[in-house]
$ cat start-v8.pdb   # PDB, C-alpha atoms and all ligand atoms
ATOM      1  CA  MET H  61      45.245 -11.858 141.198  1.00  0.00           C
ATOM      2  CA  THR H  62      43.450 -14.697 139.501  1.00  0.00           C
ATOM      3  CA  SER H  63      41.463 -13.744 136.442  1.00  0.00           C
ATOM      4  CA  ARG H  64      38.287 -14.672 138.327  1.00  0.00           C
ATOM      5  CA  LYS H  65      39.105 -12.172 141.093  1.00  0.00           C
ATOM      6  CA  LEU H  66      40.059  -9.572 138.508  1.00  0.00           C
ATOM      7  CA  LEU H  67      36.750 -10.070 136.772  1.00  0.00           C
ATOM      8  CA  ALA H  68      34.910  -9.634 140.096  1.00  0.00           C
ATOM      9  CA  VAL H  69      36.709  -6.325 140.639  1.00  0.00           C
ATOM     10  CA  VAL H  70      35.855  -5.149 137.151  1.00  0.00           C
ATOM     11  CA  LEU H  71      32.207  -6.118 137.575  1.00  0.00           C
ATOM     12  CA  LEU H  72      32.026  -4.283 140.890  1.00  0.00           C
ATOM     13  CA  SER H  73      33.745  -1.154 139.613  1.00  0.00           C
ATOM     14  CA  SER H  74      31.408  -1.085 136.643  1.00  0.00           C
ATOM     15  CA  PHE H  75      28.611  -0.450 139.159  1.00  0.00           C
ATOM     16  CA  VAL H  76      30.440   2.181 141.162  1.00  0.00           C
ATOM     17  CA  CYS H  77      31.877   4.267 138.342  1.00  0.00           C
ATOM     18  CA  ALA H  78      28.977   4.738 136.022  1.00  0.00           C
ATOM     19  CA  ALA H  79      26.224   7.296 135.919  1.00  0.00           C
ATOM     20  CA  TRP H  80      23.285   5.191 134.848  1.00  0.00           C
ATOM     21  CA  GLY H  81      20.349   7.570 134.878  1.00  0.00           C
ATOM     22  CA  THR H  82      16.987   6.822 136.404  1.00  0.00           C
ATOM     23  CA  PHE H  83      17.117   3.067 136.837  1.00  0.00           C
ATOM     24  CA  SER H  84      19.728   0.970 138.560  1.00  0.00           C
ATOM     25  CA  PRO H  85      21.610  -1.503 136.445  1.00  0.00           C
ATOM     26  CA  ARG H  86      21.174  -5.166 137.135  1.00  0.00           C
ATOM     27  CA  ARG H  87      22.370  -8.371 135.612  1.00  0.00           C
ATOM     28  CA  ILE H  88      20.145  -9.689 132.897  1.00  0.00           C
ATOM     29  CA  LEU H  89      19.940 -13.185 131.525  1.00  0.00           C
ATOM     30  CA  PHE H  90      21.362 -13.701 128.076  1.00  0.00           C
ATOM     31  CA  ALA H  91      22.170 -16.575 125.741  1.00  0.00           C
ATOM     32  CA  GLN H  92      24.870 -17.239 123.228  1.00  0.00           C
ATOM     33  CA  CYS H  93      24.149 -16.671 119.558  1.00  0.00           C
ATOM     34  CA  ASP H  94      23.509 -19.423 117.058  1.00  0.00           C
ATOM     35  CA  TYR H  95      27.115 -19.822 115.933  1.00  0.00           C
ATOM     36  CA  PRO H  96      29.089 -19.374 119.176  1.00  0.00           C
ATOM     37  CA  GLU H  97      32.297 -20.692 117.612  1.00  0.00           C
ATOM     38  CA  HIS H  98      32.456 -17.507 115.524  1.00  0.00           C
ATOM     39  CA  SER H  99      32.939 -15.206 118.503  1.00  0.00           C
ATOM     40  CA  VAL H 100      32.631 -15.093 122.286  1.00  0.00           C
ATOM     41  CA  LYS H 101      29.681 -14.609 124.548  1.00  0.00           C
ATOM     42  CA  PRO H 102      29.880 -12.011 127.334  1.00  0.00           C
ATOM     43  CA  LYS H 103      30.887 -12.863 130.903  1.00  0.00           C
ATOM     44  CA  ALA H 104      28.011 -10.688 132.114  1.00  0.00           C
ATOM     45  CA  VAL H 105      25.417  -8.287 130.771  1.00  0.00           C
ATOM     46  CA  PHE H 106      23.869  -5.470 132.815  1.00  0.00           C
ATOM     47  CA  MET H 107      20.968  -3.247 131.919  1.00  0.00           C
ATOM     48  CA  THR H 108      19.000  -0.456 133.536  1.00  0.00           C
ATOM     49  CA  CYS H 109      15.575  -2.064 133.668  1.00  0.00           C
ATOM     50  CA  ALA H 110      12.361  -0.591 135.061  1.00  0.00           C
ATOM     51  CA  ASN H 111      11.782  -3.807 137.020  1.00  0.00           C
ATOM     52  CA  ASN H 112      13.978  -5.738 139.435  1.00  0.00           C
ATOM     53  CA  ARG H 113      13.636  -9.262 138.115  1.00  0.00           C
ATOM     54  CA  GLY H 114      12.595 -11.238 135.093  1.00  0.00           C
ATOM     55  CA  VAL H 115      12.642 -10.007 131.520  1.00  0.00           C
ATOM     56  CA  CYS H 116      14.051  -6.480 131.438  1.00  0.00           C
ATOM     57  CA  GLU H 117      11.310  -3.870 131.151  1.00  0.00           C
ATOM     58  CA  VAL H 118      12.188  -0.794 129.141  1.00  0.00           C
ATOM     59  CA  ARG H 119      10.082   2.325 128.681  1.00  0.00           C
ATOM     60  CA  ALA H 120       8.925   3.429 125.271  1.00  0.00           C
ATOM     61  CA  GLY H 121      10.393   6.881 124.751  1.00  0.00           C
ATOM     62  CA  GLY H 122      13.078   6.143 127.339  1.00  0.00           C
ATOM     63  CA  SER H 123      16.780   5.427 127.226  1.00  0.00           C
ATOM     64  CA  HIS H 124      18.244   2.333 128.848  1.00  0.00           C
ATOM     65  CA  THR H 125      21.891   1.566 129.326  1.00  0.00           C
ATOM     66  CA  LEU H 126      23.294  -1.807 128.463  1.00  0.00           C
ATOM     67  CA  ARG H 127      26.737  -2.974 129.475  1.00  0.00           C
ATOM     68  CA  ALA H 128      28.351  -6.158 128.247  1.00  0.00           C
ATOM     69  CA  ILE H 129      31.621  -7.399 129.715  1.00  0.00           C
ATOM     70  CA  PHE H 130      33.549  -9.792 127.537  1.00  0.00           C
ATOM     71  CA  VAL H 131      37.001 -11.099 126.699  1.00  0.00           C
ATOM     72  CA  PRO H 132      37.543 -10.885 122.926  1.00  0.00           C
ATOM     73  CA  LYS H 133      39.546 -13.424 120.972  1.00  0.00           C
ATOM     74  CA  ILE H 134      40.640 -10.973 118.286  1.00  0.00           C
ATOM     75  CA  ASN H 135      42.022  -7.453 118.025  1.00  0.00           C
ATOM     76  CA  SER H 136      39.957  -4.794 116.327  1.00  0.00           C
ATOM     77  CA  SER H 137      40.278  -1.075 115.744  1.00  0.00           C
ATOM     78  CA  ASP H 138      36.994  -0.533 113.892  1.00  0.00           C
ATOM     79  CA  VAL H 139      33.942  -2.142 115.454  1.00  0.00           C
ATOM     80  CA  ASP H 140      30.397  -2.335 114.157  1.00  0.00           C
ATOM     81  CA  SER H 141      27.614  -2.536 116.756  1.00  0.00           C
ATOM     82  CA  TYR H 142      24.411  -4.101 115.516  1.00  0.00           C
ATOM     83  CA  VAL H 143      21.277  -4.645 117.576  1.00  0.00           C
ATOM     84  CA  ARG H 144      18.226  -6.178 116.007  1.00  0.00           C
ATOM     85  CA  TRP H 145      14.931  -7.695 116.895  1.00  0.00           C
ATOM     86  CA  ASN H 146      14.912 -11.386 116.091  1.00  0.00           C
ATOM     87  CA  SER H 147      11.632 -11.729 114.241  1.00  0.00           C
ATOM     88  CA  TRP H 148      11.129 -14.089 111.282  1.00  0.00           C
ATOM     89  CA  VAL H 149      13.449 -11.654 109.585  1.00  0.00           C
ATOM     90  CA  GLU H 150      15.920  -9.638 111.637  1.00  0.00           C
ATOM     91  CA  VAL H 151      14.651  -6.085 112.123  1.00  0.00           C
ATOM     92  CA  GLN H 152      17.216  -3.453 112.968  1.00  0.00           C
ATOM     93  CA  LEU H 153      16.307  -1.467 116.098  1.00  0.00           C
ATOM     94  CA  PRO H 154      15.729   2.117 114.935  1.00  0.00           C
ATOM     95  CA  GLY H 155      17.939   5.013 115.926  1.00  0.00           C
ATOM     96  CA  GLN H 156      21.002   2.968 116.802  1.00  0.00           C
ATOM     97  CA  ASN H 157      24.607   4.063 116.453  1.00  0.00           C
ATOM     98  CA  ARG H 158      26.529   1.470 114.465  1.00  0.00           C
ATOM     99  CA  ASP H 159      29.945   2.868 115.402  1.00  0.00           C
ATOM    100  CA  ALA H 160      30.968   1.155 118.620  1.00  0.00           C
ATOM    101  CA  CYS H 161      34.398   2.785 118.971  1.00  0.00           C
ATOM    102  CA  GLY H 162      34.291   5.915 121.101  1.00  0.00           C
ATOM    103  CA  GLU H 163      32.186   6.424 124.208  1.00  0.00           C
ATOM    104  CA  ALA H 164      30.675   2.945 124.050  1.00  0.00           C
ATOM    105  CA  LEU H 165      33.883   1.009 123.558  1.00  0.00           C
ATOM    106  CA  THR H 166      37.569   1.797 123.956  1.00  0.00           C
ATOM    107  CA  CYS H 167      39.354   0.946 120.725  1.00  0.00           C
ATOM    108  CA  PRO H 168      41.396  -0.849 119.678  1.00  0.00           C
ATOM    109  CA  VAL H 169      39.825  -3.896 121.242  1.00  0.00           C
ATOM    110  CA  VAL H 170      42.652  -6.150 122.373  1.00  0.00           C
ATOM    111  CA  ALA H 171      42.436  -9.938 122.409  1.00  0.00           C
ATOM    112  CA  ASN H 172      42.265 -11.473 125.907  1.00  0.00           C
ATOM    113  CA  ASP H 173      41.657  -8.143 127.676  1.00  0.00           C
ATOM    114  CA  ILE H 174      38.562  -7.736 129.822  1.00  0.00           C
ATOM    115  CA  THR H 175      36.499  -5.327 127.737  1.00  0.00           C
ATOM    116  CA  ARG H 176      33.414  -3.252 128.468  1.00  0.00           C
ATOM    117  CA  PHE H 177      30.839  -2.140 125.947  1.00  0.00           C
ATOM    118  CA  THR H 178      28.391   0.443 127.294  1.00  0.00           C
ATOM    119  CA  TYR H 179      25.525   1.605 125.132  1.00  0.00           C
ATOM    120  CA  ASN H 180      22.546   3.882 125.678  1.00  0.00           C
ATOM    121  CA  LEU H 181      19.672   2.238 123.878  1.00  0.00           C
ATOM    122  CA  ASP H 182      16.893   4.656 122.994  1.00  0.00           C
ATOM    123  CA  ILE H 183      13.505   2.976 122.871  1.00  0.00           C
ATOM    124  CA  GLN H 184      11.491   4.836 120.254  1.00  0.00           C
ATOM    125  CA  ASN H 185       8.015   5.840 121.281  1.00  0.00           C
ATOM    126  CA  PHE H 186       6.347   4.332 118.221  1.00  0.00           C
ATOM    127  CA  TRP H 187       7.443   0.804 119.055  1.00  0.00           C
ATOM    128  CA  PRO H 188       4.516  -1.454 119.901  1.00  0.00           C
ATOM    129  CA  ARG H 189       4.491  -2.462 123.573  1.00  0.00           C
ATOM    130  CA  ASP H 190       5.501  -6.094 123.555  1.00  0.00           C
ATOM    131  CA  GLU H 191       8.224  -8.531 124.486  1.00  0.00           C
ATOM    132  CA  TYR H 192      11.036  -8.774 121.950  1.00  0.00           C
ATOM    133  CA  PRO H 193      13.880 -11.229 121.488  1.00  0.00           C
ATOM    134  CA  VAL H 194      16.955  -9.170 120.723  1.00  0.00           C
ATOM    135  CA  ILE H 195      20.323 -10.086 119.226  1.00  0.00           C
ATOM    136  CA  TRP H 196      23.345  -7.862 119.743  1.00  0.00           C
ATOM    137  CA  SER H 197      26.706  -8.310 118.086  1.00  0.00           C
ATOM    138  CA  LEU H 198      29.967  -6.451 117.702  1.00  0.00           C
ATOM    139  CA  THR H 199      31.902  -7.172 114.522  1.00  0.00           C
ATOM    140  CA  ASP H 200      35.346  -6.224 113.271  1.00  0.00           C
ATOM    141  CA  ARG H 201      34.787  -4.194 110.113  1.00  0.00           C
ATOM    142  CA  ALA H 202      38.181  -4.938 108.584  1.00  0.00           C
ATOM    143  CA  THR H 203      37.682  -8.718 108.543  1.00  0.00           C
ATOM    144  CA  ASP H 204      33.900  -8.991 109.038  1.00  0.00           C
ATOM    145  CA  GLN H 205      34.645 -11.302 111.958  1.00  0.00           C
ATOM    146  CA  GLU H 206      32.247 -11.310 114.880  1.00  0.00           C
ATOM    147  CA  ILE H 207      33.859 -10.271 118.177  1.00  0.00           C
ATOM    148  CA  VAL H 208      31.043 -10.870 120.653  1.00  0.00           C
ATOM    149  CA  CYS H 209      27.394 -11.817 120.310  1.00  0.00           C
ATOM    150  CA  PHE H 210      24.511 -12.392 122.701  1.00  0.00           C
ATOM    151  CA  LYS H 211      20.738 -12.728 122.792  1.00  0.00           C
ATOM    152  CA  PHE H 212      18.298 -11.545 125.425  1.00  0.00           C
ATOM    153  CA  ARG H 213      14.713 -10.343 125.788  1.00  0.00           C
ATOM    154  CA  ILE H 214      13.309  -6.922 126.497  1.00  0.00           C
ATOM    155  CA  ASN H 215       9.768  -6.006 127.342  1.00  0.00           C
ATOM    156  CA  ILE H 216       8.737  -2.593 126.019  1.00  0.00           C
ATOM    157  CA  VAL H 217       6.180  -1.140 128.435  1.00  0.00           C
TER     158      VAL H 217
HETATM  159  C1  LIG S   1      46.727  -8.197 119.253  1.00  0.00           C
HETATM  160  O1  LIG S   1      47.563  -7.050 119.279  1.00  0.00           O
HETATM  161  C2  LIG S   1      48.652  -7.190 120.160  1.00  0.00           C
HETATM  162  C3  LIG S   1      49.399  -5.877 120.152  1.00  0.00           C
HETATM  163  O2  LIG S   1      48.565  -4.824 120.511  1.00  0.00           O
HETATM  164  C4  LIG S   1      49.529  -8.334 119.721  1.00  0.00           C
HETATM  165  O3  LIG S   1      50.589  -8.499 120.638  1.00  0.00           O
HETATM  166  C5  LIG S   1      48.721  -9.613 119.671  1.00  0.00           C
HETATM  167  O4  LIG S   1      49.478 -10.660 119.122  1.00  0.00           O
HETATM  168  C6  LIG S   1      47.448  -9.433 118.810  1.00  0.00           C
HETATM  169  N1  LIG S   1      46.635 -10.620 118.974  1.00  0.00           N
HETATM  170  C7  LIG S   1      45.919 -11.158 117.982  1.00  0.00           C
HETATM  171  C8  LIG S   1      45.092 -12.353 118.343  1.00  0.00           C
HETATM  172  O5  LIG S   1      45.931 -10.716 116.850  1.00  0.00           O
END
$ encode --input "start-v8.pdb" --output "structure tokens" --more "lines below"
Ligand SMILES: *[C@@H]1O[C@H](CO)[C@@H](O)[C@H](O)[C@H]1NC(C)=O
Amino acid sequence: MTSRKLLAVVLLSSFVCAAWGTFSPRRILFAQCDYPEHSVKPKAVFMTCANNRGVCEVRAGGSHTLRAIFVPKINSSDVDSYVRWNSWVEVQLPGQNRDACGEALTCPVVANDITRFTYNLDIQNFWPRDEYPVIWSLTDRATDQEIVCFKFRINIV
């Protein structure tokens, strides 16, 4: 199998296998981070949005699942997950779990393997309804090297 075909199979099976809750997952648009040479950007990002197109709508007080599929360049056995709102200073999204290894990510992460990161993002009720630019990165704790990074927008409704 070519790697492109393999990737298609992985993307498809990621739909079939998962229990996603209320909303169906769909592909969302994302962008690379400011220093892309430091890590990789995902091949695809899926999220359970309340709407079918455009900026992903998430419900305040709800939980939305994000899945990023990527091919890391480095190995890592201890991975930090960090999601923040890209304001004039970066504001950490509240209530997040910084330990990626476990349910969200199978560790160790192995260089050149197609890898899935699946995270249930809780949207706290007190967050003002608005559209937010979000940055998400996974970083190897041993070396402080970024593994994958991407930016996207969510609309809290
Ligand atoms: C990653 O680990 C594997 C063994 O699990 C090793 O063969 C490979 O060389 C390592 N790659 C990097 C980039 O460190």
$ residues_near_ligand --input "start-v8.pdb" --ligand "ligand LIG 1 (chain S)" --cutoff "12 Å" --atoms "all atoms listed in the file" --output "MDAnalysis selection string"
chainID H and resid 131:137 167:173 203 207
$ resolve_selection --input "start-v8.pdb" --expression "the PyMOL selection byres (((chain H and resi 94-111) around 6) and not hetatm)" --output "NGL selection string"
:H and (83-88 or 92-93 or 112-113 or 116-118 or 124-130 or 206-210)
$ write_last_selection --input "start-v8.pdb" --atoms "C-alpha atoms" --output "mmCIF file, in the frame of the given file"
data_model
loop_
_atom_site.group_PDB
_atom_site.id
_atom_site.type_symbol
_atom_site.label_atom_id
_atom_site.label_comp_id
_atom_site.auth_asym_id
_atom_site.auth_seq_id
_atom_site.Cartn_x
_atom_site.Cartn_y
_atom_site.Cartn_z
ATOM 1 C CA PHE H 83 17.117 3.067 136.837
ATOM 2 C CA SER H 84 19.728 0.970 138.560
ATOM 3 C CA PRO H 85 21.610 -1.503 136.445
ATOM 4 C CA ARG H 86 21.174 -5.166 137.135
ATOM 5 C CA ARG H 87 22.370 -8.371 135.612
ATOM 6 C CA ILE H 88 20.145 -9.689 132.897
ATOM 7 C CA GLN H 92 24.870 -17.239 123.228
ATOM 8 C CA CYS H 93 24.149 -16.671 119.558
ATOM 9 C CA ASN H 112 13.978 -5.738 139.435
ATOM 10 C CA ARG H 113 13.636 -9.262 138.115
ATOM 11 C CA CYS H 116 14.051 -6.480 131.438
ATOM 12 C CA GLU H 117 11.310 -3.870 131.151
ATOM 13 C CA VAL H 118 12.188 -0.794 129.141
ATOM 14 C CA HIS H 124 18.244 2.333 128.848
ATOM 15 C CA THR H 125 21.891 1.566 129.326
ATOM 16 C CA LEU H 126 23.294 -1.807 128.463
ATOM 17 C CA ARG H 127 26.737 -2.974 129.475
ATOM 18 C CA ALA H 128 28.351 -6.158 128.247
ATOM 19 C CA ILE H 129 31.621 -7.399 129.715
ATOM 20 C CA PHE H 130 33.549 -9.792 127.537
ATOM 21 C CA GLU H 206 32.247 -11.310 114.880
ATOM 22 C CA ILE H 207 33.859 -10.271 118.177
ATOM 23 C CA VAL H 208 31.043 -10.870 120.653
ATOM 24 C CA CYS H 209 27.394 -11.817 120.310
ATOM 25 C CA PHE H 210 24.511 -12.392 122.701
#
$ atom_distance --input "start-v8.pdb" --atom1 "atom CA of Thr175 of chain H" --atom2 "atom CA of Glu191 of chain H"
28.6 Å
$ resolve_selection --input "start-v8.pdb" --expression "the PyMOL selection byres (((chain H and resi 157) around 10) and not hetatm)" --output "list in words"
Asp140, Ser141, Tyr142, Val143, Leu153, Pro154, Gly155, Gln156, Arg158, Asp159, Ala160, Ala164, Tyr179, Asn180 and Leu181 of chain H
$ resolve_selection --input "start-v8.pdb" --expression "the PyMOL selection byres (((chain H and resi 145) around 9) and not hetatm)" --output "ChimeraX atom specification"
/H:143-144,146-147,149-153,192-196
$ atom_distance --input "start-v8.pdb" --atom1 "atom CA of Thr178 of chain H" --atom2 "atom CA of Asn215 of chain H"
19.7 Å
$ closest_residue --input "start-v8.pdb" --among "H:Cys161, H:Leu198, H:Leu89, H:Val139" --to "Lys211 of chain H" --atoms "only C-alpha atoms"
H:Leu89
$ atom_distance --input "start-v8.pdb" --atom1 "atom CA of Phe177 of chain H" --atom2 "atom CA of Arg119 of chain H"
21.4 Å
$ closest_residue --input "start-v8.pdb" --among "H:Ser197, H:Gly114, H:Thr82, H:Gly162" --to "Ile214 of chain H" --atoms "only C-alpha atoms"
H:Gly114
$ closest_residue --input "start-v8.pdb" --among "H:Gln184, H:Asp138, H:Thr199, H:Thr166" --to "Ser123 of chain H" --atoms "only C-alpha atoms"
H:Gln184
$ decode --input "start-v8.pdb" --residues "segment 168-188 of chain H" --atoms "N, CA, C and O atoms" --output "PDB file, in the first residue's frame"
ATOM      1  N   PRO H 168       4.999   5.148  23.539  1.00  0.00           N
ATOM      2  CA  PRO H 168       5.707   6.287  22.957  1.00  0.00           C
ATOM      3  C   PRO H 168       5.208   6.634  21.551  1.00  0.00           C
ATOM      4  O   PRO H 168       4.722   5.774  20.826  1.00  0.00           O
ATOM      5  N   VAL H 169       5.339   7.899  21.233  1.00  0.00           N
ATOM      6  CA  VAL H 169       5.135   8.365  19.866  1.00  0.00           C
ATOM      7  C   VAL H 169       6.377   7.965  19.077  1.00  0.00           C
ATOM      8  O   VAL H 169       7.496   8.147  19.553  1.00  0.00           O
ATOM      9  N   VAL H 170       6.163   7.388  17.913  1.00  0.00           N
ATOM     10  CA  VAL H 170       7.288   6.891  17.120  1.00  0.00           C
ATOM     11  C   VAL H 170       7.402   7.687  15.824  1.00  0.00           C
ATOM     12  O   VAL H 170       6.404   7.871  15.108  1.00  0.00           O
ATOM     13  N   ALA H 171       8.604   8.166  15.555  1.00  0.00           N
ATOM     14  CA  ALA H 171       8.865   8.950  14.350  1.00  0.00           C
ATOM     15  C   ALA H 171       8.407   8.185  13.108  1.00  0.00           C
ATOM     16  O   ALA H 171       8.604   6.973  13.010  1.00  0.00           O
ATOM     17  N   ASN H 172       7.765   8.906  12.197  1.00  0.00           N
ATOM     18  CA  ASN H 172       7.309   8.404  10.899  1.00  0.00           C
ATOM     19  C   ASN H 172       6.092   7.483  10.951  1.00  0.00           C
ATOM     20  O   ASN H 172       5.656   6.994   9.913  1.00  0.00           O
ATOM     21  N   ASP H 173       5.543   7.238  12.123  1.00  0.00           N
ATOM     22  CA  ASP H 173       4.305   6.451  12.221  1.00  0.00           C
ATOM     23  C   ASP H 173       3.098   7.386  12.149  1.00  0.00           C
ATOM     24  O   ASP H 173       3.109   8.464  12.747  1.00  0.00           O
ATOM     25  N   ILE H 174       2.061   6.937  11.449  1.00  0.00           N
ATOM     26  CA  ILE H 174       0.812   7.700  11.450  1.00  0.00           C
ATOM     27  C   ILE H 174       0.225   7.642  12.854  1.00  0.00           C
ATOM     28  O   ILE H 174       0.031   6.560  13.409  1.00  0.00           O
ATOM     29  N   THR H 175      -0.015   8.805  13.436  1.00  0.00           N
ATOM     30  CA  THR H 175      -0.335   8.912  14.859  1.00  0.00           C
ATOM     31  C   THR H 175      -1.632   9.691  15.037  1.00  0.00           C
ATOM     32  O   THR H 175      -1.879  10.673  14.327  1.00  0.00           O
ATOM     33  N   ARG H 176      -2.451   9.225  15.976  1.00  0.00           N
ATOM     34  CA  ARG H 176      -3.717   9.899  16.256  1.00  0.00           C
ATOM     35  C   ARG H 176      -3.716  10.459  17.662  1.00  0.00           C
ATOM     36  O   ARG H 176      -3.339   9.771  18.602  1.00  0.00           O
ATOM     37  N   PHE H 177      -4.146  11.681  17.768  1.00  0.00           N
ATOM     38  CA  PHE H 177      -4.329  12.335  19.070  1.00  0.00           C
ATOM     39  C   PHE H 177      -5.814  12.678  19.182  1.00  0.00           C
ATOM     40  O   PHE H 177      -6.360  13.369  18.329  1.00  0.00           O
ATOM     41  N   THR H 178      -6.461  12.156  20.209  1.00  0.00           N
ATOM     42  CA  THR H 178      -7.913  12.328  20.349  1.00  0.00           C
ATOM     43  C   THR H 178      -8.206  12.917  21.712  1.00  0.00           C
ATOM     44  O   THR H 178      -7.871  12.320  22.735  1.00  0.00           O
ATOM     45  N   TYR H 179      -8.826  14.066  21.738  1.00  0.00           N
ATOM     46  CA  TYR H 179      -8.957  14.809  22.993  1.00  0.00           C
ATOM     47  C   TYR H 179     -10.374  15.328  23.150  1.00  0.00           C
ATOM     48  O   TYR H 179     -10.949  15.887  22.217  1.00  0.00           O
ATOM     49  N   ASN H 180     -10.924  15.126  24.346  1.00  0.00           N
ATOM     50  CA  ASN H 180     -12.248  15.690  24.649  1.00  0.00           C
ATOM     51  C   ASN H 180     -12.066  17.059  25.285  1.00  0.00           C
ATOM     52  O   ASN H 180     -11.611  17.169  26.421  1.00  0.00           O
ATOM     53  N   LEU H 181     -12.406  18.066  24.530  1.00  0.00           N
ATOM     54  CA  LEU H 181     -12.233  19.443  25.000  1.00  0.00           C
ATOM     55  C   LEU H 181     -13.518  19.910  25.673  1.00  0.00           C
ATOM     56  O   LEU H 181     -14.571  20.002  25.033  1.00  0.00           O
ATOM     57  N   ASP H 182     -13.421  20.180  26.966  1.00  0.00           N
ATOM     58  CA  ASP H 182     -14.583  20.695  27.695  1.00  0.00           C
ATOM     59  C   ASP H 182     -14.623  22.210  27.544  1.00  0.00           C
ATOM     60  O   ASP H 182     -13.639  22.894  27.825  1.00  0.00           O
ATOM     61  N   ILE H 183     -15.745  22.708  27.101  1.00  0.00           N
ATOM     62  CA  ILE H 183     -15.911  24.159  26.954  1.00  0.00           C
ATOM     63  C   ILE H 183     -16.627  24.668  28.210  1.00  0.00           C
ATOM     64  O   ILE H 183     -17.807  24.401  28.408  1.00  0.00           O
ATOM     65  N   GLN H 184     -15.896  25.382  29.038  1.00  0.00           N
ATOM     66  CA  GLN H 184     -16.449  25.832  30.312  1.00  0.00           C
ATOM     67  C   GLN H 184     -17.575  26.834  30.072  1.00  0.00           C
ATOM     68  O   GLN H 184     -17.518  27.647  29.144  1.00  0.00           O
ATOM     69  N   ASN H 185     -18.566  26.723  30.926  1.00  0.00           N
ATOM     70  CA  ASN H 185     -19.771  27.533  30.774  1.00  0.00           C
ATOM     71  C   ASN H 185     -19.524  29.037  30.904  1.00  0.00           C
ATOM     72  O   ASN H 185     -20.232  29.853  30.326  1.00  0.00           O
ATOM     73  N   PHE H 186     -18.503  29.399  31.668  1.00  0.00           N
ATOM     74  CA  PHE H 186     -18.269  30.825  31.923  1.00  0.00           C
ATOM     75  C   PHE H 186     -17.566  31.531  30.772  1.00  0.00           C
ATOM     76  O   PHE H 186     -17.394  32.741  30.805  1.00  0.00           O
ATOM     77  N   TRP H 187     -17.173  30.770  29.747  1.00  0.00           N
ATOM     78  CA  TRP H 187     -16.461  31.429  28.651  1.00  0.00           C
ATOM     79  C   TRP H 187     -17.387  32.308  27.840  1.00  0.00           C
ATOM     80  O   TRP H 187     -18.453  31.869  27.429  1.00  0.00           O
ATOM     81  N   PRO H 188     -16.988  33.542  27.593  1.00  0.00           N
ATOM     82  CA  PRO H 188     -17.824  34.433  26.782  1.00  0.00           C
ATOM     83  C   PRO H 188     -18.055  33.842  25.391  1.00  0.00           C
ATOM     84  O   PRO H 188     -17.123  33.315  24.777  1.00  0.00           O
TER      85      PRO H 188
END
